[in-house]
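Structure file final30.pdb (PDB, C-alpha atoms) follows.
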ATOM      1  CA  MET A   1      49.713 -21.517  39.402
ATOM      2  CA  SER A   2      46.024 -22.056  38.710
ATOM      3  CA  GLU A   3      43.538 -20.041  40.718
ATOM      4  CA  LYS A   4      41.977 -21.956  43.611
ATOM      5  CA  LYS A   5      38.430 -23.056  42.955
ATOM      6  CA  LEU A   6      35.722 -21.757  45.247
ATOM      7  CA  THR A   7      34.448 -24.496  47.530
ATOM      8  CA  ILE A   8      30.812 -24.356  48.555
ATOM      9  CA  GLY A   9      29.410 -26.320  51.476
ATOM     10  CA  LEU A  10      25.790 -27.399  51.198
ATOM     11  CA  LEU A  11      23.417 -28.692  53.853
ATOM     12  CA  THR A  12      19.709 -29.159  54.471
ATOM     13  CA  SER A  13      18.444 -28.594  57.985
ATOM     14  CA  GLY A  14      15.250 -28.776  60.031
ATOM     15  CA  GLY A  15      12.109 -30.355  58.626
ATOM     16  CA  ASP A  16      12.349 -31.839  55.149
ATOM     17  CA  ALA A  17      10.361 -30.187  52.374
ATOM     18  CA  PRO A  18       9.517 -31.356  48.837
ATOM     19  CA  GLY A  19      11.790 -29.494  46.436
ATOM     20  CA  MET A  20      14.911 -29.591  48.594
ATOM     21  CA  ASN A  21      16.466 -32.059  46.150
ATOM     22  CA  ALA A  22      15.706 -29.705  43.271
ATOM     23  CA  ALA A  23      17.550 -26.949  45.138
ATOM     24  CA  ILE A  24      20.495 -29.264  45.869
ATOM     25  CA  ARG A  25      20.684 -30.190  42.191
ATOM     26  CA  ALA A  26      20.602 -26.555  41.144
ATOM     27  CA  VAL A  27      23.353 -25.567  43.588
ATOM     28  CA  VAL A  28      25.637 -28.330  42.318
ATOM     29  CA  ARG A  29      25.019 -27.786  38.618
ATOM     30  CA  THR A  30      25.237 -24.010  38.831
ATOM     31  CA  ALA A  31      28.433 -24.298  40.850
ATOM     32  CA  ASP A  32      29.882 -26.604  38.210
ATOM     33  CA  ASN A  33      28.975 -24.049  35.560
ATOM     34  CA  TYR A  34      31.048 -21.442  37.428
ATOM     35  CA  GLY A  35      33.941 -23.813  38.088
ATOM     36  CA  CYS A  36      33.194 -24.207  41.805
ATOM     37  CA  GLU A  37      33.319 -27.363  43.909
ATOM     38  CA  VAL A  38      30.523 -28.465  46.234
ATOM     39  CA  LYS A  39      30.916 -30.417  49.456
ATOM     40  CA  GLY A  40      27.686 -31.957  50.645
ATOM     41  CA  ILE A  41      27.180 -32.033  54.406
ATOM     42  CA  MET A  42      25.068 -34.911  55.683
ATOM     43  CA  ARG A  43      22.340 -34.445  58.323
ATOM     44  CA  GLY A  44      22.485 -30.675  58.608
ATOM     45  CA  TYR A  45      24.438 -28.957  61.364
ATOM     46  CA  ALA A  46      24.789 -32.268  63.211
ATOM     47  CA  GLY A  47      26.715 -33.665  60.253
ATOM     48  CA  LEU A  48      28.785 -30.498  59.988
ATOM     49  CA  LEU A  49      29.908 -30.888  63.598
ATOM     50  CA  GLU A  50      30.844 -34.517  62.872
ATOM     51  CA  GLU A  51      32.570 -33.575  59.566
ATOM     52  CA  ASP A  52      30.297 -35.956  57.696
ATOM     53  CA  PHE A  53      30.958 -34.670  54.187
ATOM     54  CA  CYS A  54      30.507 -36.030  50.671
ATOM     55  CA  VAL A  55      31.545 -34.805  47.240
ATOM     56  CA  LEU A  56      28.655 -33.602  45.097
ATOM     57  CA  ASP A  57      29.057 -33.418  41.322
ATOM     58  CA  THR A  58      26.642 -33.235  38.410
ATOM     59  CA  LYS A  59      26.401 -37.016  38.195
ATOM     60  CA  SER A  60      25.575 -37.440  41.890
ATOM     61  CA  VAL A  61      22.559 -35.130  41.597
ATOM     62  CA  ALA A  62      21.126 -36.717  38.459
ATOM     63  CA  ASP A  63      17.567 -38.040  38.702
ATOM     64  CA  ILE A  64      16.759 -36.423  42.044
ATOM     65  CA  ILE A  65      14.640 -33.445  41.001
ATOM     66  CA  GLN A  66      11.433 -35.510  41.193
ATOM     67  CA  ARG A  67      12.184 -36.992  44.612
ATOM     68  CA  GLY A  68      10.765 -35.713  47.886
ATOM     69  CA  GLY A  69      12.853 -35.375  51.022
ATOM     70  CA  THR A  70      16.561 -34.605  50.811
ATOM     71  CA  ILE A  71      19.432 -36.798  49.651
ATOM     72  CA  LEU A  72      21.660 -35.032  52.195
ATOM     73  CA  TYR A  73      19.321 -36.065  55.008
ATOM     74  CA  THR A  74      18.413 -33.628  57.737
ATOM     75  CA  ALA A  75      18.499 -33.412  61.512
ATOM     76  CA  ARG A  76      18.049 -30.878  64.264
ATOM     77  CA  SER A  77      21.186 -29.900  66.182
ATOM     78  CA  ARG A  78      20.031 -28.575  69.522
ATOM     79  CA  SER A  79      23.548 -27.530  70.494
ATOM     80  CA  MET A  80      23.884 -24.974  67.670
ATOM     81  CA  HIS A  81      22.526 -22.252  69.961
ATOM     82  CA  LEU A  82      25.678 -22.561  72.075
ATOM     83  CA  LEU A  83      28.546 -20.188  71.261
ATOM     84  CA  GLU A  84      31.097 -22.934  71.783
ATOM     85  CA  THR A  85      29.338 -25.133  69.204
ATOM     86  CA  GLN A  86      29.069 -22.249  66.736
ATOM     87  CA  LYS A  87      32.806 -21.604  66.986
ATOM     88  CA  LYS A  88      33.518 -25.298  66.471
ATOM     89  CA  ALA A  89      31.269 -25.437  63.380
ATOM     90  CA  ALA A  90      32.952 -22.369  61.893
ATOM     91  CA  GLU A  91      36.410 -23.824  62.502
ATOM     92  CA  ILE A  92      35.367 -27.058  60.779
ATOM     93  CA  CYS A  93      34.265 -25.040  57.747
ATOM     94  CA  ARG A  94      37.646 -23.301  57.594
ATOM     95  CA  LYS A  95      39.528 -26.548  58.166
ATOM     96  CA  ASN A  96      37.762 -28.140  55.204
ATOM     97  CA  GLY A  97      38.344 -25.184  52.894
ATOM     98  CA  ILE A  98      34.696 -24.141  52.658
ATOM     99  CA  ASP A  99      34.566 -20.635  51.226
ATOM    100  CA  ALA A 100      30.794 -20.284  51.545
ATOM    101  CA  LEU A 101      27.994 -22.353  53.024
ATOM    102  CA  VAL A 102      24.522 -22.757  51.493
ATOM    103  CA  VAL A 103      21.886 -23.617  54.103
ATOM    104  CA  ILE A 104      18.508 -24.884  52.891
ATOM    105  CA  GLY A 105      15.944 -24.820  55.687
ATOM    106  CA  GLY A 106      13.508 -22.840  57.776
ATOM    107  CA  ASP A 107      13.650 -20.304  60.576
ATOM    108  CA  GLY A 108      15.773 -22.383  62.944
ATOM    109  CA  SER A 109      18.193 -23.256  60.162
ATOM    110  CA  TYR A 110      18.512 -19.574  59.307
ATOM    111  CA  ARG A 111      19.376 -18.759  62.910
ATOM    112  CA  GLY A 112      22.147 -21.338  62.814
ATOM    113  CA  ALA A 113      23.357 -19.778  59.574
ATOM    114  CA  LEU A 114      23.370 -16.312  61.151
ATOM    115  CA  ALA A 115      25.399 -17.621  64.082
ATOM    116  CA  LEU A 116      27.992 -19.023  61.666
ATOM    117  CA  SER A 117      28.098 -15.728  59.779
ATOM    118  CA  LYS A 118      29.023 -13.984  63.022
ATOM    119  CA  GLN A 119      31.949 -16.409  63.269
ATOM    120  CA  GLY A 120      33.242 -15.282  59.881
ATOM    121  CA  ILE A 121      31.648 -17.886  57.599
ATOM    122  CA  ASN A 122      29.954 -16.623  54.446
ATOM    123  CA  VAL A 123      26.451 -18.107  54.496
ATOM    124  CA  MET A 124      23.605 -18.125  51.976
ATOM    125  CA  GLY A 125      20.123 -19.036  53.218
ATOM    126  CA  VAL A 126      17.644 -20.769  50.911
ATOM    127  CA  PRO A 127      14.093 -20.976  52.380
ATOM    128  CA  GLY A 128      13.067 -24.612  52.643
ATOM    129  CA  THR A 129       9.965 -25.155  54.795
ATOM    130  CA  ILE A 130       6.371 -26.148  54.131
ATOM    131  CA  ASP A 131       5.236 -23.638  56.758
ATOM    132  CA  LEU A 132       5.762 -20.498  54.592
ATOM    133  CA  ASP A 133       6.735 -18.642  57.777
ATOM    134  CA  ILE A 134       9.949 -16.885  56.701
ATOM    135  CA  GLY A 135       9.327 -13.146  56.666
ATOM    136  CA  CYS A 136      11.582 -12.096  53.802
ATOM    137  CA  THR A 137       9.965 -14.224  51.102
ATOM    138  CA  ASP A 138       6.551 -14.845  49.572
ATOM    139  CA  TYR A 139       7.541 -18.430  48.743
ATOM    140  CA  THR A 140       9.303 -21.222  50.591
ATOM    141  CA  ILE A 141      10.350 -24.553  49.126
ATOM    142  CA  GLY A 142       7.792 -27.277  49.784
ATOM    143  CA  PHE A 143       4.746 -25.134  50.545
ATOM    144  CA  ASP A 144       3.104 -25.687  47.163
ATOM    145  CA  THR A 145       3.474 -29.465  47.305
ATOM    146  CA  SER A 146       2.235 -29.537  50.875
ATOM    147  CA  ILE A 147      -0.943 -27.569  50.223
ATOM    148  CA  ASN A 148      -1.736 -29.760  47.232
ATOM    149  CA  THR A 149      -1.283 -32.868  49.393
ATOM    150  CA  VAL A 150      -3.518 -31.427  52.125
ATOM    151  CA  THR A 151      -6.201 -30.277  49.687
ATOM    152  CA  GLU A 152      -6.380 -33.741  48.149
ATOM    153  CA  SER A 153      -6.706 -35.234  51.635
ATOM    154  CA  ILE A 154      -9.527 -32.830  52.531
ATOM    155  CA  ASP A 155     -11.386 -33.799  49.359
ATOM    156  CA  LYS A 156     -11.178 -37.472  50.346
ATOM    157  CA  LEU A 157     -12.240 -36.781  53.912
ATOM    158  CA  ARG A 158     -15.236 -34.796  52.674
ATOM    159  CA  ASP A 159     -16.433 -37.849  50.727
ATOM    160  CA  THR A 160     -16.456 -39.868  53.940
ATOM    161  CA  SER A 161     -17.920 -37.098  56.092
ATOM    162  CA  ALA A 162     -20.749 -36.659  53.577
ATOM    163  CA  SER A 163     -21.454 -40.399  53.498
ATOM    164  CA  HIS A 164     -21.674 -40.586  57.288
ATOM    165  CA  GLU A 165     -23.176 -37.091  57.830
ATOM    166  CA  ARG A 166     -20.270 -36.197  60.071
ATOM    167  CA  CYS A 167     -18.196 -33.230  61.035
ATOM    168  CA  VAL A 168     -14.482 -33.800  60.427
ATOM    169  CA  ILE A 169     -11.728 -31.712  62.006
ATOM    170  CA  VAL A 170      -8.602 -31.824  59.841
ATOM    171  CA  GLU A 171      -5.447 -30.776  61.675
ATOM    172  CA  VAL A 172      -2.678 -29.507  59.404
ATOM    173  CA  MET A 173       0.954 -28.561  59.972
ATOM    174  CA  GLY A 174       2.474 -25.094  60.150
ATOM    175  CA  ARG A 175       3.810 -24.802  63.705
ATOM    176  CA  SER A 176       2.575 -21.406  64.931
ATOM    177  CA  ALA A 177       1.772 -20.174  61.400
ATOM    178  CA  GLY A 178      -1.601 -20.606  59.706
ATOM    179  CA  TYR A 179      -0.641 -20.479  56.018
ATOM    180  CA  ILE A 180      -1.326 -24.137  55.245
ATOM    181  CA  ALA A 181      -4.616 -24.017  57.159
ATOM    182  CA  LEU A 182      -5.722 -20.815  55.418
ATOM    183  CA  TRP A 183      -4.891 -21.906  51.881
ATOM    184  CA  CYS A 184      -6.240 -25.424  52.274
ATOM    185  CA  GLY A 185      -9.308 -24.286  54.169
ATOM    186  CA  ILE A 186     -10.230 -22.077  51.230
ATOM    187  CA  ALA A 187      -9.279 -24.665  48.596
ATOM    188  CA  GLY A 188     -11.099 -27.444  50.412
ATOM    189  CA  GLY A 189     -14.280 -25.454  50.969
ATOM    190  CA  ALA A 190     -14.029 -25.752  54.746
ATOM    191  CA  GLU A 191     -16.952 -24.607  56.856
ATOM    192  CA  GLU A 192     -14.556 -23.317  59.534
ATOM    193  CA  ILE A 193     -10.834 -22.455  59.479
ATOM    194  CA  ILE A 194      -9.025 -22.108  62.809
ATOM    195  CA  LEU A 195      -5.876 -20.000  62.527
ATOM    196  CA  PRO A 196      -3.347 -19.376  65.330
ATOM    197  CA  GLU A 197      -3.001 -15.750  64.292
ATOM    198  CA  LYS A 198      -6.753 -15.057  64.337
ATOM    199  CA  TYR A 199      -8.469 -17.508  66.682
ATOM    200  CA  ASP A 200     -10.299 -16.034  69.673
ATOM    201  CA  TYR A 201     -10.976 -19.449  71.304
ATOM    202  CA  ASN A 202     -14.705 -18.885  71.026
ATOM    203  CA  GLU A 203     -15.798 -22.498  70.544
ATOM    204  CA  GLN A 204     -19.421 -21.539  71.017
ATOM    205  CA  ALA A 205     -19.304 -19.545  67.774
ATOM    206  CA  ILE A 206     -18.186 -22.688  65.923
ATOM    207  CA  ILE A 207     -20.884 -24.754  67.599
ATOM    208  CA  ASP A 208     -23.553 -22.180  66.728
ATOM    209  CA  SER A 209     -22.363 -22.085  63.120
ATOM    210  CA  LEU A 210     -22.526 -25.864  62.741
ATOM    211  CA  THR A 211     -25.970 -25.973  64.336
ATOM    212  CA  GLU A 212     -27.266 -23.259  61.993
ATOM    213  CA  ARG A 213     -25.896 -25.060  58.948
ATOM    214  CA  ARG A 214     -27.684 -28.239  60.023
ATOM    215  CA  LYS A 215     -30.937 -26.310  60.223
ATOM    216  CA  HIS A 216     -30.405 -25.248  56.611
ATOM    217  CA  GLY A 217     -29.825 -28.820  55.473
ATOM    218  CA  LYS A 218     -26.030 -29.067  55.546
ATOM    219  CA  ASN A 219     -25.406 -32.648  56.675
ATOM    220  CA  HIS A 220     -21.601 -32.722  56.761
ATOM    221  CA  HIS A 221     -18.859 -30.272  57.717
ATOM    222  CA  ILE A 222     -15.102 -29.801  57.391
ATOM    223  CA  ILE A 223     -13.156 -27.807  59.958
ATOM    224  CA  VAL A 224      -9.500 -27.099  59.186
ATOM    225  CA  ASN A 225      -7.493 -26.648  62.367
ATOM    226  CA  ALA A 226      -3.915 -25.389  62.399
ATOM    227  CA  GLU A 227      -1.190 -27.209  64.311
ATOM    228  CA  GLY A 228      -0.563 -24.052  66.336
ATOM    229  CA  ILE A 229      -4.012 -24.517  67.901
ATOM    230  CA  GLY A 230      -3.960 -28.327  68.019
ATOM    231  CA  HIS A 231      -5.989 -30.464  70.444
ATOM    232  CA  SER A 232      -8.249 -31.562  67.584
ATOM    233  CA  ALA A 233      -9.428 -34.762  69.262
ATOM    234  CA  SER A 234     -10.662 -32.987  72.384
ATOM    235  CA  LEU A 235     -12.255 -30.260  70.267
ATOM    236  CA  ALA A 236     -14.084 -32.928  68.278
ATOM    237  CA  ALA A 237     -15.394 -34.475  71.490
ATOM    238  CA  ARG A 238     -16.698 -31.126  72.741
ATOM    239  CA  ILE A 239     -18.377 -30.300  69.439
ATOM    240  CA  GLU A 240     -20.102 -33.681  69.316
ATOM    241  CA  ALA A 241     -21.286 -33.321  72.904
ATOM    242  CA  ALA A 242     -22.682 -29.829  72.245
ATOM    243  CA  THR A 243     -24.281 -30.439  68.837
ATOM    244  CA  GLY A 244     -25.059 -34.137  68.693
ATOM    245  CA  ILE A 245     -23.250 -34.231  65.347
ATOM    246  CA  GLU A 246     -20.886 -37.180  65.040
ATOM    247  CA  THR A 247     -17.463 -35.533  64.911
ATOM    248  CA  ARG A 248     -14.065 -37.034  64.118
ATOM    249  CA  ALA A 249     -10.542 -35.612  64.158
ATOM    250  CA  THR A 250      -7.913 -36.454  61.551
ATOM    251  CA  ILE A 251      -4.330 -35.310  62.086
ATOM    252  CA  LEU A 252      -2.610 -35.464  58.694
ATOM    253  CA  GLY A 253       0.870 -35.362  60.224
ATOM    254  CA  TYR A 254       4.079 -36.011  58.329
ATOM    255  CA  MET A 255       2.435 -37.029  55.065
ATOM    256  CA  GLN A 256       2.255 -33.270  54.439
ATOM    257  CA  ARG A 257       6.058 -33.081  54.146
ATOM    258  CA  GLY A 258       6.505 -35.965  51.737
ATOM    259  CA  GLY A 259       5.804 -36.783  48.130
ATOM    260  CA  SER A 260       7.099 -35.810  44.736
ATOM    261  CA  PRO A 261       7.366 -32.002  44.493
ATOM    262  CA  THR A 262       5.012 -30.074  42.264
ATOM    263  CA  CYS A 263       6.223 -28.328  39.131
ATOM    264  CA  LYS A 264       6.257 -25.001  40.977
ATOM    265  CA  ASP A 265       8.360 -26.353  43.831
ATOM    266  CA  ARG A 266      10.823 -27.892  41.361
ATOM    267  CA  VAL A 267      11.200 -24.719  39.312
ATOM    268  CA  TYR A 268      11.274 -22.230  42.195
ATOM    269  CA  ALA A 269      13.627 -24.385  44.274
ATOM    270  CA  SER A 270      15.927 -24.677  41.267
ATOM    271  CA  ALA A 271      15.904 -20.919  40.777
ATOM    272  CA  MET A 272      16.676 -20.317  44.454
ATOM    273  CA  GLY A 273      19.512 -22.828  44.546
ATOM    274  CA  ALA A 274      21.068 -21.273  41.463
ATOM    275  CA  LYS A 275      20.620 -17.775  42.921
ATOM    276  CA  ALA A 276      22.548 -18.746  46.052
ATOM    277  CA  VAL A 277      25.547 -19.819  43.981
ATOM    278  CA  GLU A 278      25.388 -16.708  41.820
ATOM    279  CA  LEU A 279      25.483 -14.532  44.935
ATOM    280  CA  ILE A 280      28.589 -16.364  46.147
ATOM    281  CA  VAL A 281      30.333 -15.978  42.795
ATOM    282  CA  GLU A 282      29.463 -12.263  42.778
ATOM    283  CA  GLY A 283      31.229 -11.887  46.130
ATOM    284  CA  LYS A 284      28.090 -11.256  48.175
ATOM    285  CA  ARG A 285      28.164 -12.240  51.840
ATOM    286  CA  ASN A 286      25.539 -13.508  54.252
ATOM    287  CA  ARG A 287      22.410 -13.211  52.155
ATOM    288  CA  ALA A 288      18.986 -14.847  52.202
ATOM    289  CA  VAL A 289      17.491 -15.842  48.870
ATOM    290  CA  CYS A 290      13.919 -14.535  48.522
ATOM    291  CA  HIS A 291      10.974 -14.470  46.154
ATOM    292  CA  MET A 292       9.181 -11.160  46.449
ATOM    293  CA  ASN A 293       6.704  -9.477  44.111
ATOM    294  CA  GLY A 294       7.280 -12.107  41.446
ATOM    295  CA  GLU A 295      11.077 -11.847  41.404
ATOM    296  CA  PHE A 296      13.936 -13.866  42.872
ATOM    297  CA  THR A 297      15.940 -11.466  45.005
ATOM    298  CA  ASP A 298      18.138 -11.500  48.101
ATOM    299  CA  GLU A 299      18.216  -9.811  51.487
ATOM    300  CA  ASP A 300      20.765  -9.360  54.245
ATOM    301  CA  LEU A 301      20.567 -12.543  56.329
ATOM    302  CA  GLU A 302      20.166 -10.860  59.714
ATOM    303  CA  THR A 303      17.596  -8.414  58.363
ATOM    304  CA  ALA A 304      15.694 -11.304  56.795
ATOM    305  CA  ILE A 305      15.540 -13.247  60.057
ATOM    306  CA  ASN A 306      14.170 -10.240  61.931
ATOM    307  CA  MET A 307      11.379  -9.571  59.428
ATOM    308  CA  THR A 308       7.879 -10.301  60.678
ATOM    309  CA  LYS A 309       5.267 -11.991  58.533
ATOM    310  CA  THR A 310       1.503 -11.860  58.796
ATOM    311  CA  LEU A 311      -1.260 -13.731  57.041
ATOM    312  CA  PRO A 312      -2.421 -11.936  53.871
ATOM    313  CA  ASP A 313      -5.435  -9.831  54.805
ATOM    314  CA  ASP A 314      -7.132 -10.385  51.453
ATOM    315  CA  LEU A 315      -7.120 -14.173  51.855
ATOM    316  CA  VAL A 316      -8.294 -13.940  55.467
ATOM    317  CA  ARG A 317     -11.187 -11.722  54.365
ATOM    318  CA  LEU A 318     -11.977 -14.106  51.520
ATOM    319  CA  SER A 319     -12.089 -17.087  53.864
ATOM    320  CA  LYS A 320     -14.522 -15.284  56.162
ATOM    321  CA  THR A 321     -16.710 -14.199  53.246
ATOM    322  CA  LEU A 322     -16.949 -17.746  51.931
ATOM    323  CA  ILE A 323     -17.609 -19.248  55.371
ATOM    324  CA  ARG A 324     -20.453 -16.788  56.093
ATOM    325  CA  GLN A 325     -22.594 -18.538  53.474
ATOM    326  CA  ARG A 326     -23.964 -20.876  56.137
ATOM    327  CA  ASN A 327     -26.955 -22.140  54.197
ATOM    328  CA  ILE A 328     -24.698 -23.828  51.607
TER     329      ILE A 328
END
This structure in structure tokens:
Amino acid sequence: MSEKKLTIGLLTSGGDAPGMNAAIRAVVRTADNYGCEVKGIMRGYAGLLEEDFCVLDTKSVADIIQRGGTILYTARSRSMHLLETQKKAAEICRKNGIDALVVIGGDGSYRGALALSKQGINVMGVPGTIDLDIGCTDYTIGFDTSINTVTESIDKLRDTSASHERCVIVEVMGRSAGYIALWCGIAGGAEEIILPEKYDYNEQAIIDSLTERRKHGKNHHIIVNAEGIGHSASLAARIEAATGIETRATILGYMQRGGSPTCKDRVYASAMGAKAVELIVEGKRNRAVCHMNGEFTDEDLETAINMTKTLPDDLVRLSKTLIRQRNI
């Protein structure tokens, strides 16, 4: 009798991120290289609970590496925090012969994966989120594309703010993490960057800074505000009332999650998807794929989830140094 092929389940969960399709493609093609089968699971954990599966082969993942979003679709399953639901999901995996499950997603997706691992399912986590807020890795799929999208948007908004001599508050995504705001604030030459991890809610300091810049001839301003702070429209109204500077708020919203992935997101996502399959073939259990110190590695899933992550001090210092030049 021939040896049974390993069957790998594959789902994307939580918010979509550019590069997820590259990771899907890599999982399928690497699995095929090792003689494994892949069952795609539609719409994340919600689709798993409904047994909404599809067969993924090398042909089905052709011509998707350049596409944003995820061909498996994604959804949030709010019932996955319930033990009863976790047991049901694990039983469905066993019923359908899934030997290991690859989960591409962010923090919430990882917690669902951990719950399944405690029900006996072998799970591999691949970090897919534009927020860059997973503690075990320096890179998450979609972050690079997102910051390039945001930086381009800031450049365009600066053209308009300069033409109208305005202050523009640009609100960017990131949930409670300030990575997108920090990177894009630096890249976009922002006059102020408001980070959830660092903000002291001293609006007067921002007002004083804008007023001082005006005295030195600066006739337009960009403020990058993180989603974790929010309330950009009301902040704009208060700044305009205090300074007399016409101030507008722009919330970039979901455009930050879309678009064709950058080269980096395609390559890194491919490497991470392949790594997940290699770990399964090697007999590893319940691991999180990571990129740390320039290398693709892996970490125990539960340990990875419990790791804390802070903004890089060197970039925070750099942003403050650049912003202090108020006469520019």
Exercise. What is the CA of Gly14 in chain A-CA of Ala288 in chain A distance in Å, reported with one decimal?
Worked result: 16.4 Å
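The residues returned by the PyMOL selection byres ((chain A and resi 24) around 9) on the shown structure are A:Leu10, A:Leu11, A:Thr12, A:Gly19, A:Met20, A:Asn21, A:Ala22, A:Ala23, A:Arg25, A:Ala26, A:Val27, A:Val28, A:Arg29, A:Val61, A:Ile64, A:Ile65, A:Thr70, A:Ile71, A:Leu72, A:Ile104, A:Ala269, A:Ser270, A:Gly273.
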Exercise. Counting only C-alpha atoms, what is within 12 Å of Ala177 in chain A, bar same-chain residues fewer than 2 positions away, as number ranges by chain?
Worked result: A: 107, 129-135, 172-175, 179-183, 194-199, 225-230, 308-312
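The space separating CA of Thr262 in chain A from CA of Asp57 in chain A comes to 24.3 Å.
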For this session: Please provide the set of residues having any atom within 12 Å of range 154-158 of chain A, restricted to only C-alpha atoms, with same-chain residues fewer than 2 positions apart removed, written as number ranges by chain.
Result: A: 147-152, 160-172, 181, 183-191, 219-225, 248-252, 256
Print the selection's residues with C-alpha atoms to a file, as a PDB file, keeping the file's coordinate frame.
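part35.pdb, written as the output of this step:
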ATOM      1  CA  ILE A 147      -0.943 -27.569  50.223  1.00  0.00           C
ATOM      2  CA  ASN A 148      -1.736 -29.760  47.232  1.00  0.00           C
ATOM      3  CA  THR A 149      -1.283 -32.868  49.393  1.00  0.00           C
ATOM      4  CA  VAL A 150      -3.518 -31.427  52.125  1.00  0.00           C
ATOM      5  CA  THR A 151      -6.201 -30.277  49.687  1.00  0.00           C
ATOM      6  CA  GLU A 152      -6.380 -33.741  48.149  1.00  0.00           C
ATOM      7  CA  THR A 160     -16.456 -39.868  53.940  1.00  0.00           C
ATOM      8  CA  SER A 161     -17.920 -37.098  56.092  1.00  0.00           C
ATOM      9  CA  ALA A 162     -20.749 -36.659  53.577  1.00  0.00           C
ATOM     10  CA  SER A 163     -21.454 -40.399  53.498  1.00  0.00           C
ATOM     11  CA  HIS A 164     -21.674 -40.586  57.288  1.00  0.00           C
ATOM     12  CA  GLU A 165     -23.176 -37.091  57.830  1.00  0.00           C
ATOM     13  CA  ARG A 166     -20.270 -36.197  60.071  1.00  0.00           C
ATOM     14  CA  CYS A 167     -18.196 -33.230  61.035  1.00  0.00           C
ATOM     15  CA  VAL A 168     -14.482 -33.800  60.427  1.00  0.00           C
ATOM     16  CA  ILE A 169     -11.728 -31.712  62.006  1.00  0.00           C
ATOM     17  CA  VAL A 170      -8.602 -31.824  59.841  1.00  0.00           C
ATOM     18  CA  GLU A 171      -5.447 -30.776  61.675  1.00  0.00           C
ATOM     19  CA  VAL A 172      -2.678 -29.507  59.404  1.00  0.00           C
ATOM     20  CA  ALA A 181      -4.616 -24.017  57.159  1.00  0.00           C
ATOM     21  CA  TRP A 183      -4.891 -21.906  51.881  1.00  0.00           C
ATOM     22  CA  CYS A 184      -6.240 -25.424  52.274  1.00  0.00           C
ATOM     23  CA  GLY A 185      -9.308 -24.286  54.169  1.00  0.00           C
ATOM     24  CA  ILE A 186     -10.230 -22.077  51.230  1.00  0.00           C
ATOM     25  CA  ALA A 187      -9.279 -24.665  48.596  1.00  0.00           C
ATOM     26  CA  GLY A 188     -11.099 -27.444  50.412  1.00  0.00           C
ATOM     27  CA  GLY A 189     -14.280 -25.454  50.969  1.00  0.00           C
ATOM     28  CA  ALA A 190     -14.029 -25.752  54.746  1.00  0.00           C
ATOM     29  CA  GLU A 191     -16.952 -24.607  56.856  1.00  0.00           C
ATOM     30  CA  ASN A 219     -25.406 -32.648  56.675  1.00  0.00           C
ATOM     31  CA  HIS A 220     -21.601 -32.722  56.761  1.00  0.00           C
ATOM     32  CA  HIS A 221     -18.859 -30.272  57.717  1.00  0.00           C
ATOM     33  CA  ILE A 222     -15.102 -29.801  57.391  1.00  0.00           C
ATOM     34  CA  ILE A 223     -13.156 -27.807  59.958  1.00  0.00           C
ATOM     35  CA  VAL A 224      -9.500 -27.099  59.186  1.00  0.00           C
ATOM     36  CA  ASN A 225      -7.493 -26.648  62.367  1.00  0.00           C
ATOM     37  CA  ARG A 248     -14.065 -37.034  64.118  1.00  0.00           C
ATOM     38  CA  ALA A 249     -10.542 -35.612  64.158  1.00  0.00           C
ATOM     39  CA  THR A 250      -7.913 -36.454  61.551  1.00  0.00           C
ATOM     40  CA  ILE A 251      -4.330 -35.310  62.086  1.00  0.00           C
ATOM     41  CA  LEU A 252      -2.610 -35.464  58.694  1.00  0.00           C
ATOM     42  CA  GLN A 256       2.255 -33.270  54.439  1.00  0.00           C
TER      43      GLN A 256
END
For this session: Let me know the residues the PyMOL selection byres ((chain A and resi 124) around 7) catches in the file above, as an MDAnalysis selection string.
Result: chainID A and resid 101:103 122:123 125:126 276 286:288
Exercise. Excluding same-chain residues fewer than 6 positions from Arg76 in chain A, what lies within 9 Å of it counting all atoms listed in the file, as a ChimeraX atom specification?
Worked result: /A:13-15,43-46,108-109
Could you write out the selected residues, including C-alpha atoms, as a tab-separated table (two decimals), in the coordinates of the input?
chain	number	residue	atom	x	y	z
A	13	SER	CA	18.44	-28.59	57.98
A	14	GLY	CA	15.25	-28.78	60.03
A	15	GLY	CA	12.11	-30.36	58.63
A	43	ARG	CA	22.34	-34.44	58.32
A	44	GLY	CA	22.48	-30.68	58.61
A	45	TYR	CA	24.44	-28.96	61.36
A	46	ALA	CA	24.79	-32.27	63.21
A	108	GLY	CA	15.77	-22.38	62.94
A	109	SER	CA	18.19	-23.26	60.16
For this session: Enumerate, as a count of residues only, the residues matched when the PyMOL selection byres ((chain A and resi 50) around 12) is run on the file above.
Result: 18
Report, as JSON, the axis-aligned box around all atoms of range 39-55 of chain A present in the file, extended by 6 Å on each side; give centre and edge lengths in Å to one decimal place.
{"center_x": 27.5, "center_y": -32.5, "center_z": 55.4, "size_x": 22.2, "size_y": 19.1, "size_z": 28.4}
Exercise. Which distance in Å separates CA of Pro18 in chain A and CA of Cys263 in chain A, to one decimal?
Worked result: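 Taking CA of Pro18 in chain A as the start and CA of Cys263 in chain A as the end point, the length is 10.7 Å.
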Select, counting all atoms listed in the file, all protein, DNA and RNA residues no farther than 8 Å from (5.0, -38.9, 46.3) in file coordinates, and express the selection as a PDB file with C-alpha atoms, in the frame of the given file.
ATOM      1  CA  ARG A  67      12.184 -36.992  44.612  1.00  0.00           C
ATOM      2  CA  GLY A  68      10.765 -35.713  47.886  1.00  0.00           C
ATOM      3  CA  GLY A 258       6.505 -35.965  51.737  1.00  0.00           C
ATOM      4  CA  GLY A 259       5.804 -36.783  48.130  1.00  0.00           C
ATOM      5  CA  SER A 260       7.099 -35.810  44.736  1.00  0.00           C
ATOM      6  CA  PRO A 261       7.366 -32.002  44.493  1.00  0.00           C
TER       7      PRO A 261
END
Selecting C-alpha atoms, how would range 247-251 of chain A from this structure be written as a compact mmCIF listing (two decimals), in the first residue's frame?
# COMPACT_ATOMS: atom_id res chain seq x y z
CA THR A 247 -7.01 72.33 8.90
CA ARG A 248 -8.48 69.25 7.24
CA ALA A 249 -8.59 65.58 8.23
CA THR A 250 -8.15 62.73 5.76
CA ILE A 251 -8.80 59.16 6.91
